[in-house]
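File shown: structure31.tsv (TSV, C-alpha atoms).
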chain	number	residue	atom	x	y	z
A	1	MET	CA	0.00	0.00	0.00
A	2	ASN	CA	1.30	3.43	-0.96
A	3	LEU	CA	0.69	6.16	1.62
A	4	GLU	CA	0.23	8.90	-1.00
A	5	ILE	CA	-3.21	9.64	-2.45
A	6	PRO	CA	-3.22	8.45	-6.10
A	7	ARG	CA	-2.96	11.36	-8.50
A	8	LYS	CA	-5.92	10.07	-10.51
A	9	PHE	CA	-8.17	10.98	-7.57
A	10	ALA	CA	-7.08	14.64	-7.53
A	11	PRO	CA	-10.03	15.84	-9.71
A	12	LEU	CA	-12.50	14.02	-7.44
A	13	ILE	CA	-11.00	15.55	-4.30
A	14	ASN	CA	-10.93	19.02	-5.85
A	15	GLN	CA	-14.58	18.75	-6.91
A	16	ALA	CA	-15.63	17.56	-3.45
A	17	GLN	CA	-13.69	20.44	-1.86
A	18	GLN	CA	-15.47	22.94	-4.10
A	19	VAL	CA	-18.88	21.51	-3.22
A	20	ALA	CA	-18.01	21.57	0.48
A	21	ARG	CA	-16.80	25.17	0.30
A	22	GLU	CA	-19.28	26.69	-2.17
A	23	VAL	CA	-22.45	24.65	-1.53
A	24	PHE	CA	-22.34	23.05	1.93
A	25	ARG	CA	-20.63	25.67	4.10
A	26	PRO	CA	-22.87	28.61	3.07
A	27	ILE	CA	-26.07	26.71	3.99
A	28	SER	CA	-24.68	24.73	6.91
A	29	ARG	CA	-26.08	26.93	9.67
A	30	LYS	CA	-29.36	27.43	7.81
A	31	TYR	CA	-30.30	23.75	7.88
A	32	ASP	CA	-28.89	23.22	11.35
A	33	LEU	CA	-31.47	25.73	12.59
A	34	ALA	CA	-34.24	24.54	10.23
A	35	GLU	CA	-34.21	20.92	11.36
A	36	HIS	CA	-36.15	18.49	9.09
A	37	GLU	CA	-36.41	21.03	6.26
A	38	TYR	CA	-35.27	19.39	3.04
A	39	PRO	CA	-32.08	21.00	1.62
A	40	SER	CA	-33.24	21.46	-1.97
A	41	GLU	CA	-29.82	22.86	-2.91
A	42	LEU	CA	-28.57	19.27	-2.96
A	43	ASP	CA	-30.79	18.19	-5.87
A	44	MET	CA	-28.51	19.64	-8.54
A	45	PHE	CA	-25.41	18.17	-6.91
A	46	ALA	CA	-27.07	14.74	-6.71
A	47	SER	CA	-27.96	14.92	-10.40
A	48	ILE	CA	-24.35	15.75	-11.26
A	49	MET	CA	-23.17	12.75	-9.21
A	50	ASP	CA	-25.67	10.51	-11.00
A	51	GLY	CA	-24.39	11.68	-14.38
A	52	MET	CA	-20.77	11.13	-13.38
A	53	ASN	CA	-21.53	7.62	-12.12
A	54	ASP	CA	-23.55	6.63	-15.17
A	55	GLY	CA	-20.66	7.48	-17.47
A	56	ALA	CA	-17.87	6.24	-15.22
A	57	ALA	CA	-15.70	3.52	-16.69
A	58	ASP	CA	-14.17	2.75	-13.28
A	59	GLY	CA	-17.37	1.97	-11.39
A	60	GLY	CA	-18.18	5.45	-10.09
A	61	THR	CA	-18.31	6.60	-6.50
A	62	GLY	CA	-20.71	6.94	-3.59
A	63	ALA	CA	-22.72	4.69	-1.27
A	64	GLY	CA	-24.44	2.91	-4.15
A	65	LYS	CA	-21.11	1.80	-5.58
A	66	LEU	CA	-19.52	0.29	-2.45
A	67	ALA	CA	-19.19	-3.24	-3.79
A	68	ARG	CA	-16.13	-5.27	-2.91
A	69	SER	CA	-13.54	-6.06	-5.56
A	70	ASP	CA	-13.51	-9.53	-7.12
A	71	ASN	CA	-9.72	-9.44	-6.81
A	72	ASN	CA	-9.71	-12.33	-4.35
A	73	GLY	CA	-6.36	-12.88	-2.76
A	74	GLY	CA	-5.37	-9.25	-3.14
A	75	THR	CA	-2.62	-9.89	-5.68
A	76	GLY	CA	-3.05	-6.44	-7.21
A	77	ASN	CA	-2.73	-2.90	-5.92
A	78	ARG	CA	-6.07	-1.45	-6.81
A	79	ASN	CA	-7.55	1.86	-5.69
A	80	GLY	CA	-11.21	1.86	-6.62
A	81	THR	CA	-14.72	2.72	-5.51
A	82	ASN	CA	-14.20	2.31	-1.78
A	83	MET	CA	-11.14	4.56	-1.76
A	84	LYS	CA	-12.87	7.17	-3.92
A	85	THR	CA	-15.93	7.22	-1.71
A	86	VAL	CA	-13.86	7.63	1.45
A	87	LEU	CA	-11.82	10.46	-0.07
A	88	GLY	CA	-14.87	12.23	-1.48
A	89	LEU	CA	-16.95	12.04	1.70
A	90	THR	CA	-14.01	13.17	3.81
A	91	GLU	CA	-13.98	16.41	1.84
A	92	LEU	CA	-17.77	16.79	1.81
A	93	CYS	CA	-17.88	16.39	5.60
A	94	TRP	CA	-15.27	19.12	5.88
A	95	GLY	CA	-18.22	21.15	4.64
A	96	ASP	CA	-21.13	19.60	6.55
A	97	VAL	CA	-21.86	16.10	7.85
A	98	GLY	CA	-25.65	16.42	7.91
A	99	LEU	CA	-25.79	17.66	4.32
A	100	ALA	CA	-23.44	14.88	3.19
A	101	LEU	CA	-25.89	12.38	4.71
A	102	SER	CA	-28.77	14.05	2.87
A	103	ILE	CA	-27.55	13.68	-0.72
A	104	PRO	CA	-30.28	11.89	-2.72
A	105	ARG	CA	-29.50	8.33	-3.79
A	106	GLN	CA	-26.49	8.22	-1.45
A	107	GLY	CA	-28.20	6.64	1.57
A	108	LEU	CA	-26.72	3.92	3.76
A	109	GLY	CA	-29.30	1.56	2.30
A	110	ASN	CA	-27.67	2.04	-1.08
A	111	SER	CA	-24.46	0.58	0.33
A	112	ALA	CA	-26.38	-2.50	1.51
A	113	ILE	CA	-27.84	-2.98	-1.96
A	114	ALA	CA	-24.40	-2.59	-3.54
A	115	ALA	CA	-22.83	-5.05	-1.09
A	116	VAL	CA	-25.21	-8.02	-1.25
A	117	ALA	CA	-27.77	-7.59	-4.04
A	118	ASN	CA	-27.71	-9.93	-7.03
A	119	ASP	CA	-27.46	-8.69	-10.61
A	120	GLU	CA	-31.23	-8.49	-11.12
A	121	GLN	CA	-31.67	-6.51	-7.91
A	122	LEU	CA	-28.82	-4.16	-8.78
A	123	ALA	CA	-30.40	-3.42	-12.16
A	124	ARG	CA	-33.83	-2.85	-10.60
A	125	LEU	CA	-32.89	-1.05	-7.40
A	126	GLY	CA	-29.49	0.48	-8.17
A	127	ASN	CA	-30.85	4.00	-8.73
A	128	THR	CA	-33.27	3.93	-5.79
A	129	TRP	CA	-32.58	6.27	-2.86
A	130	ALA	CA	-32.49	3.78	0.01
A	131	ALA	CA	-32.30	4.40	3.75
A	132	MET	CA	-31.05	1.76	6.21
A	133	ALA	CA	-33.24	0.49	9.06
A	134	ILE	CA	-31.31	-1.56	11.63
A	135	THR	CA	-31.67	-0.05	15.10
A	136	GLU	CA	-34.68	-0.95	17.25
A	137	PRO	CA	-35.90	0.37	20.62
A	138	GLY	CA	-34.41	-2.69	22.33
A	139	ALA	CA	-31.57	-3.43	19.92
A	140	GLY	CA	-28.93	-0.85	19.11
A	141	SER	CA	-25.50	-2.09	18.13
A	142	ASP	CA	-26.40	-5.63	19.25
A	143	THR	CA	-27.79	-6.88	15.94
A	144	ALA	CA	-28.44	-10.33	17.42
A	145	ALA	CA	-31.21	-8.71	19.48
A	146	ILE	CA	-33.20	-7.63	16.41
A	147	ARG	CA	-36.89	-8.45	16.98
A	148	THR	CA	-38.40	-7.29	13.68
A	149	THR	CA	-39.65	-10.40	11.88
A	150	ALA	CA	-40.10	-11.34	8.24
A	151	THR	CA	-42.48	-14.27	7.77
A	152	GLU	CA	-42.64	-16.03	4.43
A	153	ASP	CA	-46.12	-16.16	2.93
A	154	GLY	CA	-46.17	-17.52	-0.61
A	155	ASP	CA	-44.30	-15.15	-2.91
A	156	GLU	CA	-44.11	-12.45	-0.23
A	157	TYR	CA	-42.60	-11.74	3.16
A	158	VAL	CA	-44.70	-10.14	5.89
A	159	ILE	CA	-42.65	-7.73	8.03
A	160	ASN	CA	-43.61	-6.70	11.56
A	161	GLY	CA	-41.62	-4.53	13.95
A	162	GLU	CA	-40.30	-1.06	14.69
A	163	LYS	CA	-37.10	0.68	13.61
A	164	ILE	CA	-35.66	3.90	15.02
A	165	TYR	CA	-32.91	6.34	14.01
A	166	VAL	CA	-33.37	5.65	10.30
A	167	THR	CA	-31.21	8.19	8.46
A	168	ALA	CA	-33.18	9.72	5.54
A	169	GLY	CA	-36.09	7.49	6.56
A	170	GLU	CA	-38.75	9.95	5.43
A	171	ARG	CA	-37.03	11.36	2.34
A	172	ALA	CA	-35.71	8.16	0.79
A	173	ASP	CA	-37.57	6.22	-1.92
A	174	ALA	CA	-37.10	2.92	-0.07
A	175	VAL	CA	-35.84	1.50	3.21
A	176	VAL	CA	-33.54	-1.51	3.59
A	177	VAL	CA	-34.98	-3.27	6.63
A	178	TRP	CA	-33.01	-5.81	8.66
A	179	ALA	CA	-35.35	-8.51	9.99
A	180	THR	CA	-35.09	-12.07	11.21
A	181	LEU	CA	-36.61	-15.08	9.48
A	182	ASP	CA	-36.33	-17.13	12.67
A	183	ARG	CA	-35.54	-15.66	16.09
A	184	ASN	CA	-34.32	-19.04	17.33
A	185	LYS	CA	-31.44	-19.10	14.82
A	186	GLY	CA	-29.72	-15.89	15.88
A	187	ARG	CA	-27.73	-13.74	13.46
A	188	ALA	CA	-27.77	-16.39	10.74
A	189	ALA	CA	-31.49	-15.73	10.18
A	190	ILE	CA	-31.16	-11.95	9.83
A	191	LYS	CA	-31.75	-10.76	6.28
A	192	SER	CA	-32.24	-7.39	4.63
A	193	PHE	CA	-35.35	-6.45	2.66
A	194	VAL	CA	-36.02	-3.50	0.38
A	195	VAL	CA	-39.35	-1.90	1.32
A	196	GLU	CA	-40.39	0.79	-1.13
A	197	LYS	CA	-41.96	4.04	0.02
A	198	GLY	CA	-45.75	3.89	0.12
A	199	THR	CA	-45.90	0.14	0.75
A	200	PRO	CA	-49.03	-0.55	2.87
A	201	GLY	CA	-48.10	-1.35	6.44
A	202	MET	CA	-44.98	0.89	6.56
A	203	THR	CA	-45.55	4.09	8.55
A	204	VAL	CA	-43.16	6.88	9.47
A	205	GLU	CA	-44.13	7.44	13.11
A	206	ARG	CA	-42.04	10.53	13.82
A	207	LEU	CA	-38.88	12.48	13.02
A	208	GLU	CA	-36.32	12.71	15.82
A	209	LYS	CA	-34.91	15.96	17.18
A	210	LYS	CA	-31.17	15.48	17.57
A	211	LEU	CA	-27.97	16.88	19.03
A	212	GLY	CA	-26.30	17.16	15.62
A	213	ILE	CA	-26.61	16.38	11.88
A	214	ARG	CA	-29.91	18.25	11.96
A	215	ALA	CA	-29.95	18.71	8.19
A	216	SER	CA	-30.43	14.95	7.95
A	217	ASP	CA	-33.90	13.62	8.73
A	218	THR	CA	-33.89	10.73	11.22
A	219	ALA	CA	-37.11	8.71	11.36
A	220	ALA	CA	-38.85	6.12	13.48
A	221	ILE	CA	-40.70	3.65	11.25
A	222	ARG	CA	-43.29	1.01	12.13
A	223	PHE	CA	-44.02	-2.10	10.06
A	224	ASP	CA	-47.43	-3.65	10.62
A	225	ASN	CA	-48.08	-6.68	8.38
A	226	CYS	CA	-46.06	-4.96	5.69
A	227	ARG	CA	-45.87	-7.20	2.61
A	228	VAL	CA	-42.85	-7.14	0.31
A	229	PRO	CA	-42.24	-9.34	-2.72
A	230	ARG	CA	-39.87	-12.28	-2.35
A	231	GLU	CA	-37.48	-10.77	-4.88
A	232	ASN	CA	-36.88	-7.81	-2.53
A	233	LEU	CA	-34.91	-9.96	-0.08
A	234	LEU	CA	-31.31	-8.98	-0.73
A	235	GLY	CA	-28.77	-11.73	-1.31
A	236	ASP	CA	-29.15	-15.38	-0.29
A	237	THR	CA	-32.59	-16.49	0.91
A	238	ASP	CA	-31.28	-19.53	2.79
A	239	ILE	CA	-30.52	-19.56	6.52
A	240	SER	CA	-26.96	-20.80	6.84
A	241	VAL	CA	-25.53	-21.20	10.34
A	242	GLU	CA	-22.09	-21.77	8.83
A	243	LYS	CA	-22.18	-18.60	6.76
A	244	GLY	CA	-23.98	-16.83	9.57
A	245	PHE	CA	-24.09	-13.05	9.44
A	246	ALA	CA	-21.46	-12.71	6.71
A	247	GLY	CA	-23.70	-11.14	4.09
A	248	ALA	CA	-24.96	-8.43	6.41
A	249	MET	CA	-21.52	-7.79	7.89
A	250	GLN	CA	-20.11	-7.17	4.42
A	251	THR	CA	-22.18	-3.98	4.37
A	252	PHE	CA	-20.47	-2.79	7.55
A	253	ASP	CA	-17.02	-3.74	6.27
A	254	ASN	CA	-17.63	-1.39	3.35
A	255	THR	CA	-19.34	1.46	5.20
A	256	ARG	CA	-17.29	1.70	8.40
A	257	PRO	CA	-14.24	3.13	6.58
A	258	VAL	CA	-16.61	5.64	4.97
A	259	VAL	CA	-17.94	6.76	8.36
A	260	ALA	CA	-14.34	6.97	9.58
A	261	GLY	CA	-13.59	9.24	6.63
A	262	MET	CA	-16.54	11.43	7.58
A	263	ALA	CA	-15.13	11.82	11.10
A	264	ILE	CA	-11.75	12.76	9.65
A	265	GLY	CA	-13.41	15.41	7.48
A	266	VAL	CA	-15.22	17.21	10.29
A	267	ALA	CA	-12.19	17.00	12.60
A	268	SER	CA	-10.00	18.47	9.84
A	269	ALA	CA	-12.42	21.36	9.50
A	270	ALA	CA	-12.29	22.05	13.24
A	271	LEU	CA	-8.50	21.89	13.38
A	272	GLN	CA	-8.08	24.18	10.40
A	273	LYS	CA	-10.47	26.79	11.77
A	274	THR	CA	-8.87	26.60	15.23
A	275	ARG	CA	-5.41	27.20	13.80
A	276	GLU	CA	-6.74	30.21	11.88
A	277	LEU	CA	-8.38	31.73	14.96
A	278	ILE	CA	-5.40	31.12	17.26
A	279	ALA	CA	-3.00	32.53	14.66
A	280	LEU	CA	-4.93	35.83	14.87
A	281	THR	CA	-3.75	36.17	18.48
A	282	GLY	CA	-0.12	36.23	17.36
A	283	THR	CA	0.66	32.76	18.74
A	284	ASP	CA	3.56	31.04	16.98
A	285	LEU	CA	2.15	27.87	15.41
A	286	GLU	CA	5.25	26.85	13.45
A	287	TYR	CA	6.74	23.37	13.71
A	288	ARG	CA	10.36	24.47	13.95
A	289	HIS	CA	10.47	24.74	17.76
A	290	GLN	CA	11.31	21.96	20.19
A	291	THR	CA	8.48	20.67	22.35
A	292	TRP	CA	9.72	22.34	25.51
A	293	THR	CA	9.94	25.78	23.87
A	294	GLN	CA	6.54	25.72	22.18
A	295	PRO	CA	3.42	27.47	23.46
A	296	ALA	CA	1.12	24.90	25.09
A	297	VAL	CA	-1.62	25.46	22.51
A	298	THR	CA	0.80	24.80	19.63
A	299	ARG	CA	1.89	21.54	21.16
A	300	GLU	CA	-1.72	20.50	21.67
A	301	LEU	CA	-2.66	21.26	18.08
A	302	GLN	CA	0.25	19.20	16.82
A	303	LEU	CA	-0.72	16.24	18.99
A	304	MET	CA	-4.25	16.39	17.61
A	305	GLU	CA	-2.89	16.56	14.07
A	306	ALA	CA	-0.83	13.43	14.74
A	307	GLU	CA	-3.87	11.56	16.05
A	308	LEU	CA	-5.90	12.63	13.03
A	309	GLU	CA	-3.18	11.48	10.62
A	310	ALA	CA	-3.09	8.07	12.32
A	311	ALA	CA	-6.85	7.76	11.90
A	312	ARG	CA	-6.61	8.83	8.26
A	313	LEU	CA	-4.01	6.21	7.39
A	314	LEU	CA	-5.96	3.45	9.15
A	315	THR	CA	-9.05	4.47	7.18
A	316	LEU	CA	-7.25	4.47	3.84
A	317	ARG	CA	-5.89	1.00	4.56
A	318	ALA	CA	-9.35	-0.41	5.33
A	319	ALA	CA	-10.74	1.08	2.10
A	320	TRP	CA	-7.76	-0.16	0.10
A	321	MET	CA	-8.28	-3.70	1.40
A	322	ALA	CA	-11.92	-3.63	0.31
A	323	ASP	CA	-10.89	-2.46	-3.15
A	324	ASN	CA	-8.44	-5.35	-3.37
A	325	GLY	CA	-10.80	-8.10	-2.23
A	326	LEU	CA	-9.06	-8.63	1.12
A	327	PRO	CA	-10.98	-9.44	4.32
A	328	ASN	CA	-11.04	-6.16	6.22
A	329	SER	CA	-13.52	-6.62	9.06
A	330	LYS	CA	-10.88	-6.03	11.74
A	331	GLU	CA	-9.28	-3.12	9.88
A	332	ALA	CA	-12.66	-1.50	9.19
A	333	SER	CA	-13.50	-1.65	12.89
A	334	ILE	CA	-10.07	-0.31	13.87
A	335	ALA	CA	-10.49	2.64	11.49
A	336	LYS	CA	-14.02	3.36	12.69
A	337	ALA	CA	-13.05	3.09	16.38
A	338	LYS	CA	-10.00	5.33	15.99
A	339	ALA	CA	-11.53	7.96	13.73
A	340	GLY	CA	-14.83	8.13	15.61
A	341	ARG	CA	-13.11	8.75	18.93
A	342	VAL	CA	-10.45	11.09	17.53
A	343	GLY	CA	-13.00	13.10	15.56
A	344	ASN	CA	-15.15	13.73	18.60
A	345	THR	CA	-12.18	14.47	20.85
A	346	ILE	CA	-10.68	16.98	18.41
A	347	THR	CA	-13.88	18.89	17.71
A	348	LEU	CA	-14.67	19.21	21.43
A	349	ARG	CA	-11.14	20.32	22.28
A	350	CYS	CA	-11.19	22.90	19.48
A	351	VAL	CA	-14.35	24.39	21.02
A	352	GLU	CA	-12.49	24.69	24.34
A	353	LEU	CA	-9.35	26.19	22.82
A	354	CYS	CA	-11.32	28.88	21.00
A	355	GLY	CA	-13.29	29.97	24.08
A	356	SER	CA	-16.34	32.09	23.34
A	357	LEU	CA	-15.77	31.83	19.58
A	358	GLY	CA	-15.83	28.07	19.89
A	359	TYR	CA	-18.95	27.95	22.01
A	360	GLY	CA	-21.03	30.56	20.20
A	361	GLU	CA	-22.71	30.51	16.79
A	362	THR	CA	-20.31	33.04	15.29
A	363	GLU	CA	-18.23	30.11	14.02
A	364	LEU	CA	-19.22	26.56	13.11
A	365	LEU	CA	-16.99	24.98	15.76
A	366	GLU	CA	-19.80	24.22	18.20
A	367	LYS	CA	-21.84	22.68	15.37
A	368	TRP	CA	-18.96	20.45	14.29
A	369	ALA	CA	-18.58	19.23	17.87
A	370	ARG	CA	-22.26	18.29	17.93
A	371	ASP	CA	-22.16	16.68	14.49
A	372	SER	CA	-19.07	14.61	15.24
A	373	LYS	CA	-20.66	12.65	18.08
A	374	ILE	CA	-22.89	10.56	15.82
A	375	LEU	CA	-19.84	9.38	13.87
A	376	ASP	CA	-18.64	7.60	17.00
A	377	ILE	CA	-22.05	5.95	17.43
A	378	PHE	CA	-23.73	4.84	14.22
A	379	GLU	CA	-22.45	1.96	12.09
A	380	GLY	CA	-21.52	0.36	15.43
A	381	THR	CA	-20.60	2.17	18.63
A	382	GLN	CA	-17.06	2.57	19.94
A	383	GLN	CA	-17.64	-0.32	22.36
A	384	ILE	CA	-18.91	-2.65	19.62
A	385	GLN	CA	-15.89	-1.85	17.42
A	386	LEU	CA	-13.50	-2.73	20.26
A	387	LEU	CA	-15.39	-5.98	20.83
A	388	ILE	CA	-15.12	-6.91	17.14
A	389	ILE	CA	-11.40	-6.10	17.13
A	390	ALA	CA	-10.85	-8.25	20.22
A	391	ARG	CA	-12.71	-11.17	18.63
A	392	ARG	CA	-10.62	-10.95	15.48
A	393	LEU	CA	-7.33	-10.70	17.38
A	394	LEU	CA	-8.14	-13.57	19.75
A	395	GLY	CA	-9.91	-15.77	17.21
A	396	LYS	CA	-13.09	-15.84	19.29
A	397	SER	CA	-16.67	-16.09	18.07
A	398	SER	CA	-19.44	-13.73	19.16
A	399	ALA	CA	-20.75	-16.49	21.42
A	400	GLU	CA	-17.34	-16.95	23.04
A	401	LEU	CA	-16.61	-13.25	23.59
A	402	LYS	CA	-19.57	-11.04	24.44

Rewrite the coordinates I just gave you, this time as C-alpha cells.
Amino acid sequence: MNLEIPRKFAPLINQAQQVAREVFRPISRKYDLAEHEYPSELDMFASIMDGMNDGAADGGTGAGKLARSDNNGGTGNRNGTNMKTVLGLTELCWGDVGLALSIPRQGLGNSAIAAVANDEQLARLGNTWAAMAITEPGAGSDTAAIRTTATEDGDEYVINGEKIYVTAGERADAVVVWATLDRNKGRAAIKSFVVEKGTPGMTVERLEKKLGIRASDTAAIRFDNCRVPRENLLGDTDISVEKGFAGAMQTFDNTRPVVAGMAIGVASAALQKTRELIALTGTDLEYRHQTWTQPAVTRELQLMEAELEAARLLTLRAAWMADNGLPNSKEASIAKAKAGRVGNTITLRCVELCGSLGYGETELLEKWARDSKILDIFEGTQQIQLLIIARRLLGKSSAELK
C-alpha cells in the first residue's frame, strides 16, 4: 500500500472540496437551525453525481457503488470505488456532515444494496434512494437482538416490527430493513429487505430531534403486516448457520471506513479553523520549535494533528483492502473506532481552545462538535468496534466473547 493519495483521484478531491466550500458551508447553519427542512440545494449536486456515475468507466463513486472487488487474494494494488468514496466524503464532511448524509441516492441503504444484491436486484434497485433500518428500541449495536420479523407467505414476506434512528427514513424512496426469518437461529437468520416508500403497512411514526446532523432527517418507522415481494430480499434467501451473518456484515465492512472518513473530514475542519483563529492572536504555530519551547496550545494542536493522521491512514488501509478483495472486518472496525473517537475528541477540544468563539454561533466549531458525536455511534458504537477487534485478534466467536 502506498501512503500517497493516487494522482488520478485529484479531480474528485478538488470537486468535493469545491462543493463543500461553495455549496455546503454557506447553507450549513441554515439547515442546522431549520431541522427536518429538506435541503433542496442538494438536488442539482445529486444529479451531477448521478451523471458522473452513469458514465464512469471505473465503477463510479458513492454509497451505491460500495461493492467489494472480485480481486480475491489481493494480488493487485487497486484503488477503486471504496477509496474514492472515502476520499470524497471526507472532503464533503469538511463542509457539513448532515448535508453529506442528505444527498439523494447516497443513503446507507444504497451501500447494503451494492454489497449483497444480485445482478437483477442491482439493475432494478441500483438507482433507488435507500435508507437503512437496523436499530430498534431494544436493539442498538447488538444486531443479534433484532426483533423485527419477516415471515414467508407464498411469494411475499410479511414484516412486523419497529425501527428507530433511520437516516433519511422519510425522504428516501425505499428502506432496507433488517429482519429475522427465525428468532431461534440468531444472526444467521437476519436478512435485509427493500421496502419501497408507500408500501401498505410501513408508517413513518415521527422524526427525531437530535444533538447534531440536523440537516439529515432521522425517522422512526413502524411495520405492521407490511408485505414485500420475495425478490426484494437482498442476497441469499437460505438460513446458513455456517455462513452466519457474513452477508450483512459485508455492508459494515464497506461502510465503516466511509464513516471513519466522515469523522476525519469534520475533525479536519475544526483543526483548520482553530489554527486560523489562534493565529490571529499572534501565537507562533510553526513546527520548527522543540516541544519544551513551544506554546502549550501549539503543542496540543500538533498532537491532535498526529492523532488525526493516524486515523486517516488506518481508514485508507481499510478502504484499500476492500478495493483489493481482502478481508477487512478487523481493519474496518479499527479505522471506525480510531476515527470516531479522535474526531469527537478533536472537535470538542477545538471548542475549548477557542473559548467564546468556539462555544457561540459566530463560528461553526460548536456545530462540528455536535455533528461529530454521531460518527462515534452509528455503524456500530465505539464499544462494539473494540469488541469486534478483540474477537478478530483472539480468534473468538461472538458467542465466546460477548

Can you pull out every residue within 12 Å of Asp173 in chain A, counting only C-alpha atoms, but drop anything in the same chain fewer than 3 positions away, and send it as a ChimeraX atom specification? /A:104-107,109-110,125-132,168-170,176,194-199

Who sits within 8 Å of Thr135 in chain A, only C-alpha atoms, same chain under 6 positions skipped, as a PDB file with C-alpha atoms, in the coordinates of the input:
ATOM      1  CA  SER A 141     -25.500  -2.090  18.130  1.00  0.00           C
ATOM      2  CA  THR A 143     -27.790  -6.880  15.940  1.00  0.00           C
ATOM      3  CA  ILE A 146     -33.200  -7.630  16.410  1.00  0.00           C
ATOM      4  CA  LYS A 163     -37.100   0.680  13.610  1.00  0.00           C
ATOM      5  CA  ILE A 164     -35.660   3.900  15.020  1.00  0.00           C
ATOM      6  CA  TYR A 165     -32.910   6.340  14.010  1.00  0.00           C
ATOM      7  CA  VAL A 166     -33.370   5.650  10.300  1.00  0.00           C
TER       8      VAL A 166
END

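With all atoms listed in the file as the basis for measurement, A:Thr180 is the residue among A:Ser111, A:Asn2, A:Thr362, A:Thr180 that approaches Asp238 in chain A most closely.
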
Excluding Leu12 in chain A and residues on its chain fewer than 4 positions from it, collect all residues at most 8 Å away from it, counting only C-alpha atoms, and give them as a list in words.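 Near Leu12 in chain A, the qualifying residues are Ala16, Lys84 and Gly88 of chain A.
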
Nearest to Leu393 in chain A among A:Lys210, A:Ala260, A:Gly380, A:Ser329, with distances taken over only C-alpha atoms: which residue is it?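 Of all the options, A:Ser329 lies closest to Leu393 in chain A.
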
Under the rule that only C-alpha atoms are counted, which of A:Met83, A:Val97, A:Ala279, A:Ala174 is the nearest residue to Met321 in chain A?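 Once distances to Met321 in chain A are computed over only C-alpha atoms, the minimum belongs to A:Met83.
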
Please, what distance in Å, to one decimal, runs between CA of Ser398 in chain A and CA of Ala133 in chain A?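 It comes out at 22.2 Å.
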
Rank nothing, just name the residue among A:Val204, A:Ala335, A:Met304, A:Val177 nearest to Arg317 in chain A, using all atoms listed in the file.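 Among A:Val204, A:Ala335, A:Met304, A:Val177, it is A:Ala335 that comes nearest to Arg317 in chain A.
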
Report the distance between CA of Cys93 in chain A and CA of Cys354 in chain A in Å, rounded to one decimal place.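 Straight-line distance from CA of Cys93 in chain A to CA of Cys354 in chain A works out to 20.9 Å.
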
Excluding Lys191 in chain A and its own-chain neighbours fewer than 4 positions away, which residues fall within 8 Å of it when counting all atoms listed in the file? Please give them as a PyMOL selection string. chain A and resi 178-181+233-234+237+248

Rank A:Asp32, A:Asn82, A:Gly358, A:Ile374 by their smallest atom-to-atom distance to Leu66 in chain A, using only C-alpha atoms, and report the top residue only.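 Among the listed residues, the smallest separation from Leu66 in chain A belongs to A:Asn82.
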
Could you work out an axis-aligned bounding box for all listed atoms of range 364-379 of chain A, with 4 Å added on each of the six sides, and give its centre and edge lengths in Å to one decimal, as lines of an AutoDock Vina configuration file?
center_x = -20.4
center_y = 14.3
center_z = 15.1
size_x = 14.7
size_y = 32.6
size_z = 14.1

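Taking all atoms listed in the file, the non-local environment of Thr61 in chain A within 6 Å (same-chain residues fewer than 3 positions away omitted) comprises A:Lys65, A:Thr81, A:Thr85.
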
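Compared by their closest atoms to Leu285 in chain A, and using all atoms listed in the file, the residues A:Lys273, A:Ile48, A:Gln302, A:Glu231 rank with A:Gln302 nearest.
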
Go ahead and compute the interatomic distance for CA of Lys402 in chain A and CA of Ala144 in chain A, in Å to one decimal.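 Value for the CA of Lys402 in chain A-CA of Ala144 in chain A distance: 11.3 Å.
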
Up to 12 Å from (-19.7, 15.8, 4.4) in the file's coordinates: name the residues, counting all atoms listed in the file, as number ranges by chain. A: 16-21, 23-25, 28, 62, 85-103, 106, 213, 215-216, 258-269, 368, 371-372, 375

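For the point (-27.9, -7.7, 2.7), the residues with at least one atom inside 9 Å, counting only C-alpha atoms, are Ala112, Ile113, Ala114, Ala115, Val116, Ala117, Val176, Trp178, Ile190, Lys191, Ser192, Phe193, Leu233, Leu234, Gly235, Asp236, Gly247, Ala248, Met249, Gln250 and Thr251 of chain A.
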
Contact table range 198-280 of chain A vs range 382-386 of chain A, cut-off 12 Å, shortest pair per residue, all atoms listed in the file, as a tab-separated table:
residue	atom	partner	partner_atom	distance
A:Phe252	CA	A:Gln385	CA	10.9
A:Asp253	CA	A:Gln385	CA	11.4
A:Arg256	CA	A:Gln385	CA	9.8
A:Ala260	CA	A:Gln382	CA	11.6
